[in-house]
>>> print(open('protein.cif').read())   # mmCIF, C-alpha atoms
data_my_file
loop_
_atom_site.group_PDB
_atom_site.id
_atom_site.type_symbol
_atom_site.label_atom_id
_atom_site.label_comp_id
_atom_site.auth_asym_id
_atom_site.auth_seq_id
_atom_site.Cartn_x
_atom_site.Cartn_y
_atom_site.Cartn_z
ATOM 1 C CA MET Q 1 -33.003 17.745 29.818
ATOM 2 C CA ALA Q 2 -32.121 14.070 29.593
ATOM 3 C CA GLU Q 3 -35.830 13.292 29.865
ATOM 4 C CA ILE Q 4 -36.638 15.434 26.806
ATOM 5 C CA LEU Q 5 -33.860 13.700 24.864
ATOM 6 C CA VAL Q 6 -35.190 10.268 25.865
ATOM 7 C CA ILE Q 7 -38.727 11.221 24.826
ATOM 8 C CA ALA Q 8 -37.517 12.625 21.494
ATOM 9 C CA LEU Q 9 -35.426 9.554 20.661
ATOM 10 C CA LEU Q 10 -38.234 7.157 21.632
ATOM 11 C CA LEU Q 11 -40.693 9.184 19.561
ATOM 12 C CA ILE Q 12 -38.419 9.218 16.497
ATOM 13 C CA GLY Q 13 -37.894 5.472 16.807
ATOM 14 C CA ALA Q 14 -41.595 4.725 17.198
ATOM 15 C CA LEU Q 15 -42.469 6.958 14.234
ATOM 16 C CA VAL Q 16 -39.878 5.292 12.009
ATOM 17 C CA ILE Q 17 -41.112 1.844 12.996
ATOM 18 C CA LEU Q 18 -44.714 2.890 12.322
ATOM 19 C CA ILE Q 19 -43.713 4.165 8.868
ATOM 20 C CA ALA Q 20 -41.858 0.888 8.252
ATOM 21 C CA SER Q 21 -44.907 -1.179 9.094
ATOM 22 C CA ILE Q 22 -47.141 0.972 6.893
ATOM 23 C CA GLY Q 23 -44.586 0.449 4.113
ATOM 24 C CA LEU Q 24 -44.627 -3.288 4.760
ATOM 25 C CA LEU Q 25 -48.391 -3.255 4.325
ATOM 26 C CA ARG Q 26 -48.606 -1.000 1.266
ATOM 27 C CA MET Q 27 -45.553 -1.799 -0.886
ATOM 28 C CA PRO Q 28 -46.369 -3.770 -4.037
ATOM 29 C CA ASP Q 29 -43.850 -6.663 -4.020
ATOM 30 C CA VAL Q 30 -41.559 -8.665 -1.749
ATOM 31 C CA TYR Q 31 -38.346 -6.828 -2.541
ATOM 32 C CA LEU Q 32 -39.746 -3.352 -1.863
ATOM 33 C CA ARG Q 33 -41.362 -4.591 1.347
ATOM 34 C CA MET Q 34 -38.022 -6.014 2.424
ATOM 35 C CA SER Q 35 -36.242 -2.721 1.790
ATOM 36 C CA SER Q 36 -38.749 -0.699 3.783
ATOM 37 C CA ALA Q 37 -38.674 -3.187 6.660
ATOM 38 C CA THR Q 38 -34.880 -3.400 6.876
ATOM 39 C CA ILE Q 39 -33.866 0.246 6.617
ATOM 40 C CA ALA Q 40 -36.522 1.566 8.945
ATOM 41 C CA ALA Q 41 -36.251 -1.216 11.487
ATOM 42 C CA THR Q 42 -32.503 -0.798 11.885
ATOM 43 C CA PHE Q 43 -32.682 2.967 12.312
ATOM 44 C CA GLY Q 44 -35.806 3.041 14.480
ATOM 45 C CA VAL Q 45 -34.736 0.324 16.884
ATOM 46 C CA ALA Q 46 -31.235 1.814 17.159
ATOM 47 C CA SER Q 47 -32.763 5.161 18.107
ATOM 48 C CA MET Q 48 -35.025 3.576 20.741
ATOM 49 C CA LEU Q 49 -32.119 1.631 22.228
ATOM 50 C CA LEU Q 50 -30.060 4.824 22.360
ATOM 51 C CA ALA Q 51 -32.882 6.353 24.404
ATOM 52 C CA VAL Q 52 -32.565 3.448 26.866
ATOM 53 C CA ALA Q 53 -28.809 4.065 27.165
ATOM 54 C CA ILE Q 54 -29.362 7.763 27.900
ATOM 55 C CA HIS Q 55 -32.115 7.000 30.420
ATOM 56 C CA PHE Q 56 -30.045 4.605 32.525
ATOM 57 C CA GLY Q 57 -26.934 6.720 32.166
ATOM 58 C CA SER Q 58 -24.388 4.241 33.535
ATOM 59 C CA LEU Q 59 -21.491 2.898 31.527
ATOM 60 C CA GLY Q 60 -22.385 -0.763 31.971
ATOM 61 C CA GLN Q 61 -25.878 -0.436 30.575
ATOM 62 C CA ALA Q 62 -24.655 1.892 27.817
ATOM 63 C CA LEU Q 63 -22.141 -0.728 26.672
ATOM 64 C CA HIS Q 64 -24.843 -3.412 26.739
ATOM 65 C CA VAL Q 65 -27.089 -1.261 24.576
ATOM 66 C CA LEU Q 66 -24.227 -0.361 22.258
ATOM 67 C CA GLY Q 67 -23.568 -4.067 21.788
ATOM 68 C CA VAL Q 68 -27.193 -4.661 20.819
ATOM 69 C CA ILE Q 69 -27.132 -1.709 18.364
ATOM 70 C CA VAL Q 70 -23.911 -2.879 16.692
ATOM 71 C CA PHE Q 71 -25.243 -6.419 16.453
ATOM 72 C CA LEU Q 72 -28.497 -5.187 14.894
ATOM 73 C CA ILE Q 73 -26.704 -2.965 12.378
ATOM 74 C CA LEU Q 74 -24.484 -5.899 11.402
ATOM 75 C CA SER Q 75 -27.086 -8.639 11.330
ATOM 76 C CA VAL Q 76 -30.316 -7.153 9.963
ATOM 77 C CA PRO Q 77 -28.883 -6.233 6.519
ATOM 78 C CA VAL Q 78 -27.137 -9.617 6.252
ATOM 79 C CA GLY Q 79 -30.308 -11.517 7.106
ATOM 80 C CA SER Q 80 -32.465 -9.524 4.764
ATOM 81 C CA HIS Q 81 -29.887 -9.866 1.972
ATOM 82 C CA MET Q 82 -30.089 -13.632 2.350
ATOM 83 C CA LEU Q 83 -33.896 -13.476 2.342
ATOM 84 C CA GLY Q 84 -33.734 -11.337 -0.804
ATOM 85 C CA ILE Q 85 -31.494 -13.849 -2.570
ATOM 86 C CA ALA Q 86 -33.842 -16.655 -1.514
ATOM 87 C CA ALA Q 87 -36.817 -14.706 -2.867
ATOM 88 C CA TYR Q 88 -34.974 -14.092 -6.136
ATOM 89 C CA VAL Q 89 -34.029 -17.756 -6.465
ATOM 90 C CA ALA Q 90 -37.654 -18.736 -5.777
ATOM 91 C CA GLU Q 91 -38.496 -16.431 -8.707
ATOM 92 C CA LEU Q 92 -41.115 -14.407 -6.876
ATOM 93 C CA PRO Q 93 -42.731 -11.891 -9.213
ATOM 94 C CA MET Q 94 -41.529 -8.299 -9.306
ATOM 95 C CA TRP Q 95 -43.750 -5.259 -9.382
ATOM 96 C CA LYS Q 96 -44.735 -4.395 -12.958
ATOM 97 C CA GLY Q 97 -43.218 -0.924 -12.594
ATOM 98 C CA THR Q 98 -39.722 -2.307 -11.896
ATOM 99 C CA VAL Q 99 -37.224 -0.683 -14.258
ATOM 100 C CA THR Q 100 -33.996 -2.676 -13.878
ATOM 101 C CA ASP Q 101 -33.145 -6.173 -12.736
ATOM 102 C CA GLN Q 102 -29.425 -6.083 -12.065
ATOM 103 C CA LEU Q 103 -29.219 -9.710 -10.953
ATOM 104 C CA LYS Q 104 -30.625 -10.971 -14.247
ATOM 105 C CA ASP Q 105 -28.290 -13.603 -15.822
ATOM 106 C CA LYS Q 106 -25.764 -12.951 -13.054
ATOM 107 C CA ILE Q 107 -27.081 -15.429 -10.531
ATOM 108 C CA ASN Q 108 -27.255 -19.198 -10.613
ATOM 109 C CA LEU Q 109 -30.918 -19.965 -9.981
ATOM 110 C CA GLU Q 110 -30.192 -23.476 -8.690
ATOM 111 C CA THR Q 111 -27.661 -22.676 -5.990
ATOM 112 C CA GLY Q 112 -28.303 -19.007 -5.328
ATOM 113 C CA CYS Q 113 -24.633 -18.164 -5.891
ATOM 114 C CA VAL Q 114 -23.449 -15.241 -7.966
ATOM 115 C CA LYS Q 115 -21.813 -16.495 -11.153
ATOM 116 C CA PRO Q 116 -18.130 -15.636 -11.749
ATOM 117 C CA GLN Q 117 -17.578 -12.680 -14.038
ATOM 118 C CA ARG Q 118 -15.964 -14.638 -16.901
ATOM 119 C CA GLU Q 119 -18.890 -17.100 -17.012
ATOM 120 C CA VAL Q 120 -21.283 -14.176 -17.469
ATOM 121 C CA GLN Q 121 -18.997 -12.788 -20.181
ATOM 122 C CA SER Q 122 -18.786 -16.093 -22.063
ATOM 123 C CA GLU Q 123 -22.564 -16.537 -21.912
ATOM 124 C CA LYS Q 124 -22.968 -13.087 -23.389
ATOM 125 C CA GLU Q 125 -20.515 -13.949 -26.180
ATOM 126 C CA GLU Q 126 -22.417 -17.176 -26.885
ATOM 127 C CA ASP Q 127 -25.654 -15.220 -27.104
ATOM 128 C CA ILE Q 128 -24.061 -12.788 -29.539
ATOM 129 C CA ALA Q 129 -22.673 -15.672 -31.617
ATOM 130 C CA GLU Q 130 -26.105 -17.342 -31.737
ATOM 131 C CA GLU Q 131 -27.659 -14.097 -32.872
ATOM 132 C CA ASP Q 132 -25.024 -13.801 -35.590
ATOM 133 C CA GLU Q 133 -25.793 -17.314 -36.805
ATOM 134 C CA LEU Q 134 -29.485 -16.480 -36.991
ATOM 135 C CA MET L 1 -46.638 15.380 29.928
ATOM 136 C CA SER L 2 -44.069 13.410 31.864
ATOM 137 C CA LEU L 3 -41.893 10.641 30.499
ATOM 138 C CA ASP L 4 -44.202 7.909 31.800
ATOM 139 C CA GLN L 5 -47.252 9.494 30.198
ATOM 140 C CA TRP L 6 -45.479 9.963 26.871
ATOM 141 C CA ILE L 7 -44.498 6.294 26.816
ATOM 142 C CA LEU L 8 -47.892 5.037 27.998
ATOM 143 C CA TYR L 9 -50.110 7.211 25.817
ATOM 144 C CA VAL L 10 -48.027 7.840 22.679
ATOM 145 C CA ILE L 11 -45.127 5.474 22.131
ATOM 146 C CA LEU L 12 -46.560 2.127 23.228
ATOM 147 C CA PRO L 13 -49.819 2.653 21.239
ATOM 148 C CA MET L 14 -47.720 3.471 18.189
ATOM 149 C CA MET L 15 -45.743 0.255 18.630
ATOM 150 C CA ALA L 16 -48.993 -1.673 19.104
ATOM 151 C CA LEU L 17 -50.440 -0.153 15.938
ATOM 152 C CA SER L 18 -47.364 -1.066 13.919
ATOM 153 C CA MET L 19 -47.512 -4.605 15.320
ATOM 154 C CA VAL L 20 -51.143 -4.850 14.188
ATOM 155 C CA LEU L 21 -50.210 -3.646 10.682
ATOM 156 C CA ILE L 22 -47.369 -6.182 10.485
ATOM 157 C CA THR L 23 -49.719 -8.937 11.673
ATOM 158 C CA ILE L 24 -52.124 -8.043 8.856
ATOM 159 C CA ARG L 25 -49.229 -8.570 6.429
ATOM 160 C CA VAL L 26 -48.399 -11.912 8.074
ATOM 161 C CA LEU L 27 -51.975 -13.073 7.616
ATOM 162 C CA ARG L 28 -52.385 -11.691 4.111
ATOM 163 C CA GLY L 29 -48.928 -12.162 2.566
ATOM 164 C CA PRO L 30 -49.253 -13.784 -0.833
ATOM 165 C CA SER L 31 -46.018 -15.763 -0.586
ATOM 166 C CA LEU L 32 -44.171 -17.482 2.236
ATOM 167 C CA MET L 33 -41.337 -14.968 1.918
ATOM 168 C CA ASP L 34 -43.681 -12.056 2.730
ATOM 169 C CA ARG L 35 -44.697 -13.788 5.918
ATOM 170 C CA VAL L 36 -41.113 -14.444 6.945
ATOM 171 C CA VAL L 37 -40.081 -10.827 6.320
ATOM 172 C CA ALA L 38 -43.082 -9.631 8.334
ATOM 173 C CA LEU L 39 -42.330 -11.991 11.224
ATOM 174 C CA ASP L 40 -38.699 -10.851 11.210
ATOM 175 C CA LEU L 41 -39.858 -7.237 11.459
ATOM 176 C CA LEU L 42 -42.293 -8.243 14.226
ATOM 177 C CA VAL L 43 -39.431 -9.521 16.386
ATOM 178 C CA ILE L 44 -37.440 -6.342 15.736
ATOM 179 C CA VAL L 45 -40.429 -4.150 16.625
ATOM 180 C CA SER L 46 -40.823 -6.108 19.842
ATOM 181 C CA ILE L 47 -37.195 -5.184 20.642
ATOM 182 C CA GLY L 48 -38.257 -1.533 20.380
ATOM 183 C CA GLY L 49 -41.294 -2.179 22.570
ATOM 184 C CA LEU L 50 -39.119 -3.885 25.171
ATOM 185 C CA SER L 51 -36.770 -0.912 25.252
ATOM 186 C CA ALA L 52 -39.740 1.412 25.831
ATOM 187 C CA TYR L 53 -40.827 -0.863 28.680
ATOM 188 C CA ALA L 54 -37.314 -0.799 30.122
ATOM 189 C CA VAL L 55 -37.468 3.005 30.282
ATOM 190 C CA LEU L 56 -41.017 2.953 31.702
ATOM 191 C CA TYR L 57 -40.382 0.548 34.582
ATOM 192 C CA ASP L 58 -36.638 1.215 35.129
ATOM 193 C CA MET L 59 -35.806 -2.427 34.487
ATOM 194 C CA ASP L 60 -32.329 -2.827 33.048
ATOM 195 C CA VAL L 61 -32.798 -6.615 32.864
ATOM 196 C CA LEU L 62 -34.865 -6.130 29.709
ATOM 197 C CA ILE L 63 -31.764 -4.998 27.777
ATOM 198 C CA ASP L 64 -30.401 -8.547 27.935
ATOM 199 C CA ILE L 65 -33.679 -9.847 26.531
ATOM 200 C CA THR L 66 -33.360 -7.461 23.575
ATOM 201 C CA LEU L 67 -29.947 -8.951 22.804
ATOM 202 C CA VAL L 68 -31.384 -12.478 22.853
ATOM 203 C CA LEU L 69 -34.299 -11.430 20.629
ATOM 204 C CA ALA L 70 -31.951 -9.791 18.097
ATOM 205 C CA LEU L 71 -29.896 -12.985 17.961
ATOM 206 C CA ILE L 72 -32.986 -15.155 17.463
ATOM 207 C CA ALA L 73 -34.350 -12.890 14.704
ATOM 208 C CA PHE L 74 -31.069 -13.051 12.781
ATOM 209 C CA LEU L 75 -30.658 -16.803 13.172
ATOM 210 C CA SER L 76 -34.240 -17.557 12.167
ATOM 211 C CA SER L 77 -34.188 -15.405 9.049
ATOM 212 C CA VAL L 78 -30.838 -16.807 7.874
ATOM 213 C CA GLY L 79 -31.960 -20.342 8.648
ATOM 214 C CA PHE L 80 -35.169 -19.855 6.736
ATOM 215 C CA ALA L 81 -33.349 -18.399 3.717
ATOM 216 C CA VAL L 82 -30.930 -21.342 3.560
ATOM 217 C CA TYR L 83 -33.745 -23.857 4.026
ATOM 218 C CA HIS L 84 -35.815 -22.217 1.311
ATOM 219 C CA MET L 85 -33.000 -22.286 -1.252
ATOM 220 C CA ARG L 86 -32.108 -25.868 -0.398
ATOM 221 C CA SER L 87 -35.709 -27.041 -0.637
ATOM 222 C CA LYS L 88 -35.958 -25.566 -4.134
ATOM 223 C CA LYS L 89 -32.805 -27.440 -5.122
ATOM 224 C CA GLU L 90 -34.143 -30.732 -3.757
ATOM 225 C CA LYS L 91 -37.426 -30.219 -5.571
ATOM 226 C CA ASP L 92 -35.572 -29.755 -8.844
ATOM 227 C CA ARG L 93 -33.379 -32.762 -8.254
ATOM 228 C CA PHE L 94 -36.201 -35.202 -7.508
ATOM 229 C CA ASP L 95 -38.671 -33.484 -9.798
ATOM 230 C CA LEU L 96 -41.327 -33.142 -7.095
ATOM 231 C CA HIS L 97 -43.390 -30.242 -8.340
#
>>> encode(input="protein.cif", output="structure tokens")
Amino acid sequence: MAEILVIALLLIGALVILIASIGLLRMPDVYLRMSSATIAATFGVASMLLAVAIHFGSLGQALHVLGVIVFLILSVPVGSHMLGIAAYVAELPMWKGTVTDQLKDKINLETGCVKPQREVQSEKEEDIAEEDEL
Amino acid sequence: MSLDQWILYVILPMMALSMVLITIRVLRGPSLMDRVVALDLLVIVSIGGLSAYAVLYDMDVLIDITLVLALIAFLSSVGFAVYHMRSKKEKDRFDLH
């Protein structure tokens, strides 16, 4: 019974990772590649590590594996968020089918920090005022 | 099929195939950021491969190695992101295009 569960979890994890790598190869721009890599890698590796915990079956190893899973779930999104900000600051091109760019005008392209809300507001007002003058 | 055969004939080849696909992206990637994302995913896939090995050979020592690899992947991607942003800033400051 435990063996079937281990096989199933390993198989799910390997499939998800395979899909993630196909996505990494086929997606059109950096940001989409990053999303496919992050989501799938977190889920797939967590499932494979869970299979290891079930296979060994002792509390010590299970806690070890749980620590690795929690660390992965915490760290992979943070790391890929930072990579995404760096890619945005480097002004890498987006896919031509992209519909919205929610970070537009909201991020300082020199430091990579998000601008405070009132600064964004005042810039908008300045833009409107300039348009009125024209 | 038994557990060993499943791992040897199905799961490890799938991991190897995904590693090959990621390596193609590392070699091809148009920008530096593509390569870094692909290398980050390569380390994480190798964590999965190590866990399959740990089940195959009953070696619980490999779990510790997965923890170390996860730590290294996180640190390297964050370090690269910070370095990349800072290098752009320096370039702008000294006008070295």
>>> closest_residue(input="protein.cif", among="Q:Leu63, Q:Ile85, Q:Leu103, Q:Cys113", to="Val30 in chain Q", atoms="all atoms listed in the file")
Q:Ile85
>>> resolve_selection(input="protein.cif", expression="the PyMOL selection byres ((chain L and resi 53) around 12)", output="number ranges by chain")
Q: 10, 48-49, 51-52, 55; L: 3-4, 6-8, 11-12, 15, 46-52, 54-63, 65-66
>>> atom_distance(input="protein.cif", atom1="CA of Ala37 in chain Q", atom2="CA of Ala14 in chain Q")
13.5 Å
>>> residues_around(input="protein.cif", residues="Ile22 in chain Q", least_positions_apart="4", cutoff="9 Å", atoms="only C-alpha atoms", output="list of chain:residue names")
Q:Ile17, Q:Leu18, Q:Arg26, Q:Met27, L:Ser18, L:Leu21, L:Ile22
>>> atom_distance(input="protein.cif", atom1="CA of Ala53 in chain Q", atom2="CA of Val65 in chain Q")
6.2 Å
>>> closest_residue(input="protein.cif", among="Q:Ile73, Q:Leu24, Q:Ile39, Q:Met94", to="Val20 in chain L", atoms="only C-alpha atoms")
Q:Leu24
>>> interface_residues(input="protein.cif", of="chain Q", to="chain L", cutoff="9 Å", atoms="all atoms listed in the file", output="PyMOL selection string")
chain Q and resi 3-4+6-7+10-11+13-15+17-22+24-25+29-30+33-34+37-38+41-42+44-49+51-52+55-56+61+64-65+67-69+71-72+75-76+78-80+82-87+89-90+92+110-112
>>> atom_distance(input="protein.cif", atom1="CA of Ala62 in chain Q", atom2="CA of Leu9 in chain Q")
15.0 Å
>>> residues_around(input="protein.cif", residues="Lys104 in chain Q", least_positions_apart="5", cutoff="12 Å", atoms="all atoms listed in the file", output="list of chain:residue names")
Q:Tyr88, Q:Val89, Q:Glu91, Q:Leu109, Q:Val114, Q:Lys115, Q:Val120
>>> axis_aligned_box(input="protein.cif", around="range 45-55 of chain L", padding_each_side="3 Å", output="JSON")
{"center_x": -39.0, "center_y": -1.6, "center_z": 23.5, "size_x": 10.5, "size_y": 15.1, "size_z": 19.7}
>>> residues_around(input="protein.cif", residues="Thr98 in chain Q", least_positions_apart="6", cutoff="12 Å", atoms="all atoms listed in the file", output="list of chain:residue names")
Q:Pro28, Q:Asp29, Q:Tyr31, Q:Leu32
>>> decode(input="protein.cif", residues="range 99-110 of chain Q", atoms="all heavy atoms", output="mmCIF file, in the first residue's frame")
data_model
loop_
_atom_site.group_PDB
_atom_site.id
_atom_site.type_symbol
_atom_site.label_atom_id
_atom_site.label_comp_id
_atom_site.auth_asym_id
_atom_site.auth_seq_id
_atom_site.Cartn_x
_atom_site.Cartn_y
_atom_site.Cartn_z
ATOM 1 N N VAL Q 99 -1.318 41.419 -22.413
ATOM 2 C CA VAL Q 99 -2.452 42.339 -22.393
ATOM 3 C C VAL Q 99 -2.223 43.479 -21.407
ATOM 4 O O VAL Q 99 -2.373 44.645 -21.741
ATOM 5 C CB VAL Q 99 -3.744 41.581 -22.039
ATOM 6 C CG1 VAL Q 99 -4.911 42.534 -22.063
ATOM 7 C CG2 VAL Q 99 -3.974 40.458 -23.011
ATOM 8 N N THR Q 100 -1.843 43.171 -20.168
ATOM 9 C CA THR Q 100 -1.656 44.234 -19.182
ATOM 10 C C THR Q 100 -0.233 44.225 -18.660
ATOM 11 O O THR Q 100 0.424 43.193 -18.629
ATOM 12 C CB THR Q 100 -2.587 44.060 -17.971
ATOM 13 O OG1 THR Q 100 -2.293 42.796 -17.390
ATOM 14 C CG2 THR Q 100 -4.013 44.136 -18.366
ATOM 15 N N ASP Q 101 0.222 45.391 -18.234
ATOM 16 C CA ASP Q 101 1.504 45.521 -17.564
ATOM 17 C C ASP Q 101 1.239 46.300 -16.292
ATOM 18 O O ASP Q 101 1.222 47.523 -16.287
ATOM 19 C CB ASP Q 101 2.484 46.257 -18.485
ATOM 20 C CG ASP Q 101 3.827 46.458 -17.824
ATOM 21 O OD1 ASP Q 101 4.006 45.917 -16.724
ATOM 22 O OD2 ASP Q 101 4.660 47.155 -18.400
ATOM 23 N N GLN Q 102 0.983 45.570 -15.198
ATOM 24 C CA GLN Q 102 0.521 46.248 -13.986
ATOM 25 C C GLN Q 102 1.632 46.997 -13.279
ATOM 26 O O GLN Q 102 1.364 47.846 -12.437
ATOM 27 C CB GLN Q 102 -0.110 45.235 -13.038
ATOM 28 C CG GLN Q 102 -1.372 44.637 -13.613
ATOM 29 C CD GLN Q 102 -2.132 43.850 -12.601
ATOM 30 O OE1 GLN Q 102 -1.540 43.191 -11.765
ATOM 31 N NE2 GLN Q 102 -3.439 43.903 -12.676
ATOM 32 N N LEU Q 103 2.898 46.693 -13.605
ATOM 33 C CA LEU Q 103 3.984 47.404 -12.938
ATOM 34 C C LEU Q 103 4.340 48.704 -13.647
ATOM 35 O O LEU Q 103 5.170 49.451 -13.172
ATOM 36 C CB LEU Q 103 5.229 46.522 -12.889
ATOM 37 C CG LEU Q 103 5.261 45.468 -11.805
ATOM 38 C CD1 LEU Q 103 6.553 44.697 -11.879
ATOM 39 C CD2 LEU Q 103 5.142 46.111 -10.454
ATOM 40 N N LYS Q 104 3.706 48.947 -14.799
ATOM 41 C CA LYS Q 104 4.056 50.127 -15.582
ATOM 42 C C LYS Q 104 3.851 51.396 -14.754
ATOM 43 O O LYS Q 104 2.806 51.560 -14.121
ATOM 44 C CB LYS Q 104 3.172 50.178 -16.830
ATOM 45 C CG LYS Q 104 3.707 51.063 -17.905
ATOM 46 C CD LYS Q 104 2.760 51.070 -19.083
ATOM 47 C CE LYS Q 104 3.312 51.994 -20.145
ATOM 48 N NZ LYS Q 104 2.311 52.272 -21.148
ATOM 49 N N ASP Q 105 4.831 52.297 -14.741
ATOM 50 C CA ASP Q 105 4.822 53.559 -14.003
ATOM 51 C C ASP Q 105 4.823 53.379 -12.494
ATOM 52 O O ASP Q 105 4.872 54.354 -11.760
ATOM 53 C CB ASP Q 105 3.595 54.419 -14.356
ATOM 54 C CG ASP Q 105 3.609 54.799 -15.811
ATOM 55 O OD1 ASP Q 105 4.708 54.882 -16.364
ATOM 56 O OD2 ASP Q 105 2.530 54.999 -16.375
ATOM 57 N N LYS Q 106 4.735 52.126 -12.001
ATOM 58 C CA LYS Q 106 4.669 51.956 -10.558
ATOM 59 C C LYS Q 106 6.003 51.562 -9.972
ATOM 60 O O LYS Q 106 6.146 51.400 -8.777
ATOM 61 C CB LYS Q 106 3.645 50.875 -10.202
ATOM 62 C CG LYS Q 106 2.233 51.377 -10.298
ATOM 63 C CD LYS Q 106 1.274 50.369 -9.786
ATOM 64 C CE LYS Q 106 -0.136 50.837 -10.065
ATOM 65 N NZ LYS Q 106 -1.077 49.742 -9.969
ATOM 66 N N ILE Q 107 7.012 51.383 -10.817
ATOM 67 C CA ILE Q 107 8.278 50.881 -10.306
ATOM 68 C C ILE Q 107 9.393 51.824 -10.744
ATOM 69 O O ILE Q 107 9.349 52.409 -11.825
ATOM 70 C CB ILE Q 107 8.494 49.451 -10.819
ATOM 71 C CG1 ILE Q 107 9.461 48.716 -9.916
ATOM 72 C CG2 ILE Q 107 9.008 49.430 -12.223
ATOM 73 C CD1 ILE Q 107 9.322 47.253 -10.045
ATOM 74 N N ASN Q 108 10.332 52.036 -9.841
ATOM 75 C CA ASN Q 108 11.462 52.900 -10.131
ATOM 76 C C ASN Q 108 12.497 52.084 -10.890
ATOM 77 O O ASN Q 108 13.087 51.165 -10.342
ATOM 78 C CB ASN Q 108 12.038 53.412 -8.814
ATOM 79 C CG ASN Q 108 13.085 54.450 -9.025
ATOM 80 O OD1 ASN Q 108 13.612 54.584 -10.124
ATOM 81 N ND2 ASN Q 108 13.394 55.191 -7.992
ATOM 82 N N LEU Q 109 12.724 52.405 -12.152
ATOM 83 C CA LEU Q 109 13.565 51.552 -12.989
ATOM 84 C C LEU Q 109 15.039 51.627 -12.618
ATOM 85 O O LEU Q 109 15.829 50.824 -13.059
ATOM 86 C CB LEU Q 109 13.396 51.930 -14.464
ATOM 87 C CG LEU Q 109 12.114 51.417 -15.107
ATOM 88 C CD1 LEU Q 109 12.043 51.843 -16.540
ATOM 89 C CD2 LEU Q 109 12.008 49.922 -15.002
ATOM 90 N N GLU Q 110 15.439 52.611 -11.779
ATOM 91 C CA GLU Q 110 16.842 52.688 -11.411
ATOM 92 C C GLU Q 110 17.159 51.829 -10.199
ATOM 93 O O GLU Q 110 18.194 51.203 -10.122
ATOM 94 C CB GLU Q 110 17.231 54.130 -11.135
ATOM 95 C CG GLU Q 110 17.575 54.858 -12.425
ATOM 96 C CD GLU Q 110 17.580 56.343 -12.238
ATOM 97 O OE1 GLU Q 110 17.692 56.783 -11.085
ATOM 98 O OE2 GLU Q 110 17.457 57.062 -13.247
#
